[in-house]
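One structure below.
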Amino acid sequence: MIRQFLWLVLIVAAAAGFYSWQLLDQEQSSTPGNQDHQPDYVAVDLTRMIYDKEGHLSDLIRAQRMEHFERFGFLQFDFPIYTIYQEKVPLWQVTSEQAVLYPDDKLILEHRVELRNMSADPLFTRIETNAVELLFNTNSLQSNEQVRIFGLGFQITGKGMLADLNEQNIELKQHTKTVYYNEK
């Protein structure tokens with residue numbers, strides 16, 4: 001009886017070992033498929049400066065983390081700070097929790113997007129939304145999300161926006177409300 005029990009234990013142990021070996025082999029063969037979604041390289045505390053034809057700083061991007069996906073052709077940023085310069089002076093600063101930079105000079109910012117007007121005596125001081133698409137070649141942006149625009153003594157709320165950052169023009173697609181503050 002003891003011999004039969006030992007043979008049973010030996011067979012169960014052999015079956016468990018074979019099953020574990022097959023499972024490990026299967027995991028190793030599936031790993032390369034997961035590597036397709038891994039970044040080609042990662043940068044931490046990144047600063048990227050872009051200069052115009054005259055050699056003046058035109059754009060500055062800082063991020064806590066940047067992941068480059070060569071296969072998909074984009075860069076992904078965590079907590080980016082993007083500063084747009086005009087004639088050597090900071091014009092706008094854009095922050096968000098995440099952003100994706102595409103090769104066609106398009107930056108999509110998502111989650112708590114905030115645009116701060118850095119110019120002297122601006123009409124609009126700040127814009128808040130949840131997602132915005134920024135085109136570098138025209139310094140224009142658009143959003144289909146809810147937008148809040150803050151200025152000196154007012155706040156405008158709407159849905160959707162088109163903006164030209166160079167000309168400081170903002171067009172709401174759908175106006176919801178405007179609140180004026182009576183500051184004395």
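FYI, nothing fancy with the structure tokens labels: chains A, B, ... in order, residues from 1 per chain, ligands from 1 as they appear.
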I'd like the contact shell of region 41-43 of chain A - 8 Å cut-off, only C-alpha atoms, skipping same-chain residues fewer than 5 positions apart - returned as a PyMOL selection string. chain A and resi 65-69
Okay, now the selection with C-alpha atoms, as a compact mmCIF listing (two decimals), in the first residue's frame?
# COMPACT_ATOMS: atom_id res chain seq x y z
CA ARG A 65 9.07 61.50 -18.20
CA MET A 66 9.16 60.94 -21.94
CA GLU A 67 8.70 57.64 -23.76
CA HIS A 68 9.66 57.25 -27.43
CA PHE A 69 7.74 54.70 -29.51
Could you please determine the separation between CA of Met49 (chain A) and CA of Ala63 (chain A) in Å, to one decimal place? 11.9 Å
Excluding Ala120 (chain A) and residues on its chain fewer than 6 positions from it, collect all residues at most 12 Å away from it, counting only C-alpha atoms, and give them as a list in words. Val89, Pro90, Leu91 and Trp92 of chain A
Please dump the current selection as an mmCIF file, in the first residue's frame; keep N, CA and C atoms.
data_model
loop_
_atom_site.group_PDB
_atom_site.id
_atom_site.type_symbol
_atom_site.label_atom_id
_atom_site.label_comp_id
_atom_site.auth_asym_id
_atom_site.auth_seq_id
_atom_site.Cartn_x
_atom_site.Cartn_y
_atom_site.Cartn_z
ATOM 1 N N VAL A 89 10.465 86.178 -26.329
ATOM 2 C CA VAL A 89 9.710 86.392 -25.096
ATOM 3 C C VAL A 89 8.687 85.258 -24.948
ATOM 4 N N PRO A 90 8.567 84.666 -23.748
ATOM 5 C CA PRO A 90 7.550 83.616 -23.563
ATOM 6 C C PRO A 90 6.152 84.185 -23.779
ATOM 7 N N LEU A 91 5.374 83.499 -24.610
ATOM 8 C CA LEU A 91 4.039 83.970 -24.949
ATOM 9 C C LEU A 91 2.960 83.174 -24.209
ATOM 10 N N TRP A 92 3.040 81.843 -24.279
ATOM 11 C CA TRP A 92 2.090 80.965 -23.612
ATOM 12 C C TRP A 92 2.843 79.816 -22.959
#
For region 94-103 of chain A, work out the shell of residues within 9 Å, counting only C-alpha atoms and skipping chain neighbours fewer than 6 positions away, then give it as a ChimeraX atom specification. /A:73-84,109-117,130-131
Prev. selection, N, CA and C atoms, output as a short mmCIF file (atom, residue, chain, number, x, y, z; two decimals), in the first residue's frame:
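So the final result, stored in part-v5.cif, reads:
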data_model
loop_
_atom_site.label_atom_id
_atom_site.label_comp_id
_atom_site.auth_asym_id
_atom_site.auth_seq_id
_atom_site.Cartn_x
_atom_site.Cartn_y
_atom_site.Cartn_z
N GLY A 73 5.70 55.89 -34.02
CA GLY A 73 6.06 57.22 -34.50
C GLY A 73 5.59 58.35 -33.61
N PHE A 74 5.56 58.17 -32.31
CA PHE A 74 5.18 59.27 -31.44
C PHE A 74 5.97 59.25 -30.15
N LEU A 75 5.93 60.41 -29.46
CA LEU A 75 6.53 60.57 -28.14
C LEU A 75 5.41 60.78 -27.14
N GLN A 76 5.51 60.16 -25.98
CA GLN A 76 4.50 60.35 -24.93
C GLN A 76 5.17 61.01 -23.74
N PHE A 77 4.56 62.09 -23.24
CA PHE A 77 5.10 62.85 -22.12
C PHE A 77 4.20 62.71 -20.90
N ASP A 78 4.82 62.64 -19.72
CA ASP A 78 4.09 62.70 -18.46
C ASP A 78 4.39 64.05 -17.82
N PHE A 79 3.37 64.77 -17.46
CA PHE A 79 3.44 66.09 -16.83
C PHE A 79 4.33 67.06 -17.63
N PRO A 80 3.96 67.29 -18.89
CA PRO A 80 4.76 68.22 -19.70
C PRO A 80 4.46 69.68 -19.37
N ILE A 81 5.45 70.51 -19.61
CA ILE A 81 5.30 71.97 -19.56
C ILE A 81 5.85 72.47 -20.89
N TYR A 82 4.97 73.02 -21.71
CA TYR A 82 5.35 73.48 -23.04
C TYR A 82 5.24 75.00 -23.07
N THR A 83 6.34 75.67 -23.42
CA THR A 83 6.37 77.13 -23.47
C THR A 83 6.58 77.56 -24.90
N ILE A 84 5.72 78.46 -25.37
CA ILE A 84 5.81 79.01 -26.72
C ILE A 84 6.40 80.41 -26.63
N LEU A 109 -2.62 67.26 -25.80
CA LEU A 109 -2.48 67.32 -24.35
C LEU A 109 -3.79 66.87 -23.72
N GLU A 110 -3.68 66.06 -22.65
CA GLU A 110 -4.87 65.53 -22.01
C GLU A 110 -4.75 65.58 -20.49
N HIS A 111 -5.89 65.66 -19.85
CA HIS A 111 -6.04 65.61 -18.40
C HIS A 111 -5.50 66.89 -17.74
N ARG A 112 -6.40 67.71 -17.27
CA ARG A 112 -6.09 68.96 -16.58
C ARG A 112 -5.16 69.86 -17.40
N VAL A 113 -5.59 70.18 -18.58
CA VAL A 113 -4.80 71.05 -19.45
C VAL A 113 -5.02 72.49 -19.03
N GLU A 114 -3.92 73.21 -18.88
CA GLU A 114 -3.99 74.63 -18.50
C GLU A 114 -3.05 75.42 -19.39
N LEU A 115 -3.56 76.49 -19.98
CA LEU A 115 -2.77 77.39 -20.80
C LEU A 115 -2.67 78.71 -20.06
N ARG A 116 -1.46 79.17 -19.83
CA ARG A 116 -1.24 80.44 -19.14
C ARG A 116 -0.65 81.44 -20.12
N ASN A 117 -1.29 82.59 -20.21
CA ASN A 117 -0.81 83.66 -21.08
C ASN A 117 0.32 84.38 -20.36
N ASN A 130 -9.95 69.82 -20.62
CA ASN A 130 -9.49 68.47 -20.33
C ASN A 130 -8.64 67.88 -21.46
N ALA A 131 -8.77 68.43 -22.67
CA ALA A 131 -7.97 67.94 -23.79
C ALA A 131 -7.88 69.04 -24.83
#
Would you mind listing what lies within 10 Å of Thr157 (chain A) as number ranges by chain, with only C-alpha atoms counted and same-chain residues fewer than 6 positions away left out? A: 127-128, 146-150, 172, 174-179
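Coordinates place CA of Leu134 (chain A) at a distance of 11.6 Å from CA of Met161 (chain A).
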Excluding Leu141 (chain A) and its own-chain neighbours fewer than 5 positions away, which residues fall within 6 Å of it when counting only C-alpha atoms? Please give them as a ChimeraX atom specification. /A:133-134,162-163
Using all heavy atoms, can you write the selected residues to a file as a compact mmCIF listing (two decimals), in the first residue's frame?
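Result file is result34.txt:
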# COMPACT_ATOMS: atom_id res chain seq x y z
N GLU A 133 -5.64 70.02 -28.75
CA GLU A 133 -4.71 69.66 -29.83
C GLU A 133 -3.99 70.92 -30.26
O GLU A 133 -4.62 71.90 -30.65
CB GLU A 133 -5.49 69.06 -31.00
CG GLU A 133 -4.65 68.66 -32.17
CD GLU A 133 -5.50 68.07 -33.28
OE1 GLU A 133 -6.32 67.17 -32.99
OE2 GLU A 133 -5.34 68.52 -34.42
N LEU A 134 -2.66 70.90 -30.20
CA LEU A 134 -1.83 72.05 -30.53
C LEU A 134 -1.04 71.76 -31.79
O LEU A 134 -0.36 70.74 -31.88
CB LEU A 134 -0.88 72.36 -29.37
CG LEU A 134 0.15 73.45 -29.54
CD1 LEU A 134 -0.50 74.80 -29.76
CD2 LEU A 134 1.07 73.50 -28.33
N LEU A 162 -11.42 77.14 -30.75
CA LEU A 162 -10.37 77.32 -31.73
C LEU A 162 -9.59 78.54 -31.28
O LEU A 162 -10.18 79.56 -30.91
CB LEU A 162 -10.94 77.56 -33.13
CG LEU A 162 -11.76 76.43 -33.73
CD1 LEU A 162 -12.44 76.90 -35.02
CD2 LEU A 162 -10.88 75.24 -34.02
N ALA A 163 -8.26 78.46 -31.30
CA ALA A 163 -7.46 79.59 -30.82
C ALA A 163 -6.20 79.75 -31.67
O ALA A 163 -5.59 78.77 -32.08
CB ALA A 163 -7.08 79.39 -29.35
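The space separating CA of Phe18 (chain A) from CA of Ile2 (chain A) comes to 24.3 Å.
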Every residue of chain A that DSSP places in strand (DSSP E or B), as a PyMOL selection string: chain A and resi 41-51+57-69+74-78+81-86+89-95+98-102+106-117+124-135+140-151+154-164+169-180
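Proximity ranking of A:Tyr180, A:Ile108, A:Gln142, A:Val9 relative to Ile156 (chain A) places A:Tyr180 first, based on only C-alpha atoms.
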Would you return as an MDAnalysis selection string the members of region 23-174 of chain A that DSSP assigns to alpha helix (DSSP H) on this structure's backbone? chainID A and resid 23:35
Which neighbours of Asn139 (chain A) fall inside 8 Å, counting only C-alpha atoms, when residues of the same chain fewer than 4 positions from it are skipped, and could you give them as a ChimeraX atom specification? /A:134-135,164-166
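Closest to Gly153 (chain A) among A:Thr125, A:Gln64, A:Gln86, A:Thr47 is A:Thr125, based on only C-alpha atoms.
Using only C-alpha atoms, the smallest distance between any of A:Arg126, A:Leu152, A:Gln4, A:Ser143 and Glu171 (chain A) comes from A:Ser143.
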Which of these, A:Leu123, A:Ile50, A:Ala15, A:Val132, has the shortest distance to Asn169 (chain A) once you count only C-alpha atoms? A:Leu123
